[in-house]
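Visitor: Can you read through this structure? Questions will come right after.
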Amino acid sequence: VQLQASGGGLVQAGGSLRLSCAASGRTFDRYSMAWFRQAPGNEREFVAATRSGGGGSYYADSVKGRFTISRDYAKNTWYLQMNNLKPEDTAVYYCAYSAWRWNSGSLGSESSYEFWGQGTQVTVSS
């Protein structure tokens, strides 16, 4: 699986961006997919995840109610819609994919994902 992340940019606080993660190569009917982010000087952290089979969506408390993860099946692309952005959302955002449908408790762990995109920079100005 190859992942190509895009859609980052510079936006003012309160604005919106939509990140995309296009998957190519072999993908799996049972999967988990997530977004993580890493701000300068910080550890990479979980943002949002979803999984196959109507597994629902999961969000970090810091983005709950502002970010939405979704998938376009025809394009084999996942999205992260980010609304009401804050300066603390500034980070490099990474998409990640696993050929395993993890339980909800494992979706937020980096080690659950075998495949990673290259990252896209999001900068939110105050």
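Every chain in the structure tokens takes a letter, A first, then B, and so on in the order presented; its residues are numbered from 1, and the ligands are numbered from 1 following the presented order.
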Which residues, written as a ChimeraX atom specification, have at least one atom at most 7 Å from Phe115 in chain A, with only C-alpha atoms counted and residues fewer than 3 positions away on the same chain left out?
Guide: /A:1,96-98
Visitor: Using only C-alpha atoms, which residues sit within 9 Å of Tyr113 in chain A once same-chain residues fewer than 2 positions away are excluded, as a list in words?
Guide: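 Returned residues: Ser32, Met33, Ala34, Ala96, Tyr97, Ser98, Ala99, Trp100, Leu107, Ser109, Glu110, Ser111, Phe115 and Trp116 of chain A.
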Visitor: Just give me the gap between CA of Tyr73 in chain A and CA of Thr27 in chain A in Å, one decimal is fine.
Guide: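 These atoms are spaced 11.4 Å apart.
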Visitor: Calculated over only C-alpha atoms, which of the candidates A:Gly7, A:Leu19, A:Gln118, A:Ser125 has the smallest distance to Pro87 in chain A?
Guide: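 For Pro87 in chain A, the nearest of the given residues is A:Ser125.
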Visitor: Based on DSSP run over this structure's backbone, return all residues of chain A in strand (DSSP E), as an MDAnalysis selection string.
Guide: chainID A and resid 2:6 9:12 17:24 32:38 45:51 57:59 67:72 77:82 91:98 115:116 120:125
Visitor: For range 54-62 of chain A, list every protein, DNA or RNA residue within 12 Å, evaluated using only C-alpha atoms, and leave out those in the same chain fewer than 6 positions away; present the list as a PyMOL selection string.
Guide: chain A and resi 29-37+45-48+68-71+80+82+84-86+88-89+101-109
Visitor: My list of candidates is A:Ser24, A:Gly41, A:Gln121, A:Gly65. Which is closest to Gln2 in chain A when distances are computed with only C-alpha atoms?
Guide: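 Of the candidates, the smallest distance to Gln2 in chain A is held by A:Ser24.
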Visitor: I want to know what sits within 9 Å of Val11 in chain A, based on only C-alpha atoms, with residues of the same chain fewer than 2 positions away left out; could you give that as a compact mmCIF listing (two decimals) with C-alpha atoms, in the first residue's frame?
Guide:
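Result file follows (out-v8.txt):
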# COMPACT_ATOMS: atom_id res chain seq x y z
CA GLY A 9 -1.43 24.74 3.87
CA ALA A 13 -7.51 30.58 13.05
CA GLY A 14 -11.17 29.66 12.65
CA GLY A 15 -10.64 28.53 9.07
CA SER A 16 -10.93 25.10 7.49
CA LEU A 17 -8.80 22.68 5.51
CA LEU A 85 -8.76 25.42 13.22
CA VAL A 122 -0.73 22.47 8.32
CA THR A 123 -0.03 25.93 9.72
CA VAL A 124 -2.70 27.90 11.55
CA SER A 125 -1.98 31.57 12.19
Visitor: From the DSSP assignment of the backbone, select every residue of chain A that is helix (DSSP H, G or I), and format the answer as a list in words.
Guide: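 So the helix (DSSP H, G or I) residues in chain A would be Pro87, Glu88, Asp89, Ser104, Gly105, Ser106, Glu110, Ser111 and Ser112 of chain A.
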